[in-house]
Amino acid sequence: MTRMSIVLLLAVMASGMWLVQVRYESRRLNTEWHRANVEARQLEVERQRLLVDKRAQATPLRIERLARDKLQMRTPTPATTLYVAADGSPLLPAAEAGR
């Protein structure tokens, strides 16, 4: 009977140690999961902010202003437009072709 009691006592102790290990691992994984969710929410907020910034930077008015100010570009007029054929030869505008 003593031998059986010792085996059962060892089984109970091993079961208790296993239970402690499992609960510890469960809590650790739960904490890690919670931190990952918090980080995911922060990244989503950052992504939304960057999308808003991207939309603000790509407005046609801003692009036109940058082209005019920094690149010294101007709106093309018929007088400054040169039409070119597929072979590379210049085409005369309709106004000059009638002369």
# chains A, B, ... in the order shown; residues from 1 in each chain; ligands from 1
$ closest_atom_pairs --of "stretch 21-61 of chain A" --to "stretch 65-88 of chain A" --cutoff "12 Å" --atoms "only C-alpha atoms" --output "tab-separated table"
residue	atom	partner	partner_atom	distance
A:Gln57	CA	A:Leu66	CA	10.7
A:Ala58	CA	A:Leu66	CA	10.8
A:Thr59	CA	A:Arg65	CA	10.1
A:Pro60	CA	A:Arg65	CA	8.5
A:Leu61	CA	A:Arg65	CA	6.1
$ select_by_dssp --residues "stretch 41-83 of chain A" --states "helix (DSSP H, G or I)" --output "PyMOL selection string"
chain A and resi 41-57+60-69+78-80
$ atom_distance --atom1 "atom CA of A:Leu19" --atom2 "atom CA of A:Asn37"
26.8 Å
$ atom_distance --atom1 "atom CA of A:Ala11" --atom2 "atom CA of A:Glu25"
20.9 Å
$ select_by_dssp --residues "chain A" --states "strand (DSSP E or B)" --output "number ranges by chain"
A: 83-84, 90-91
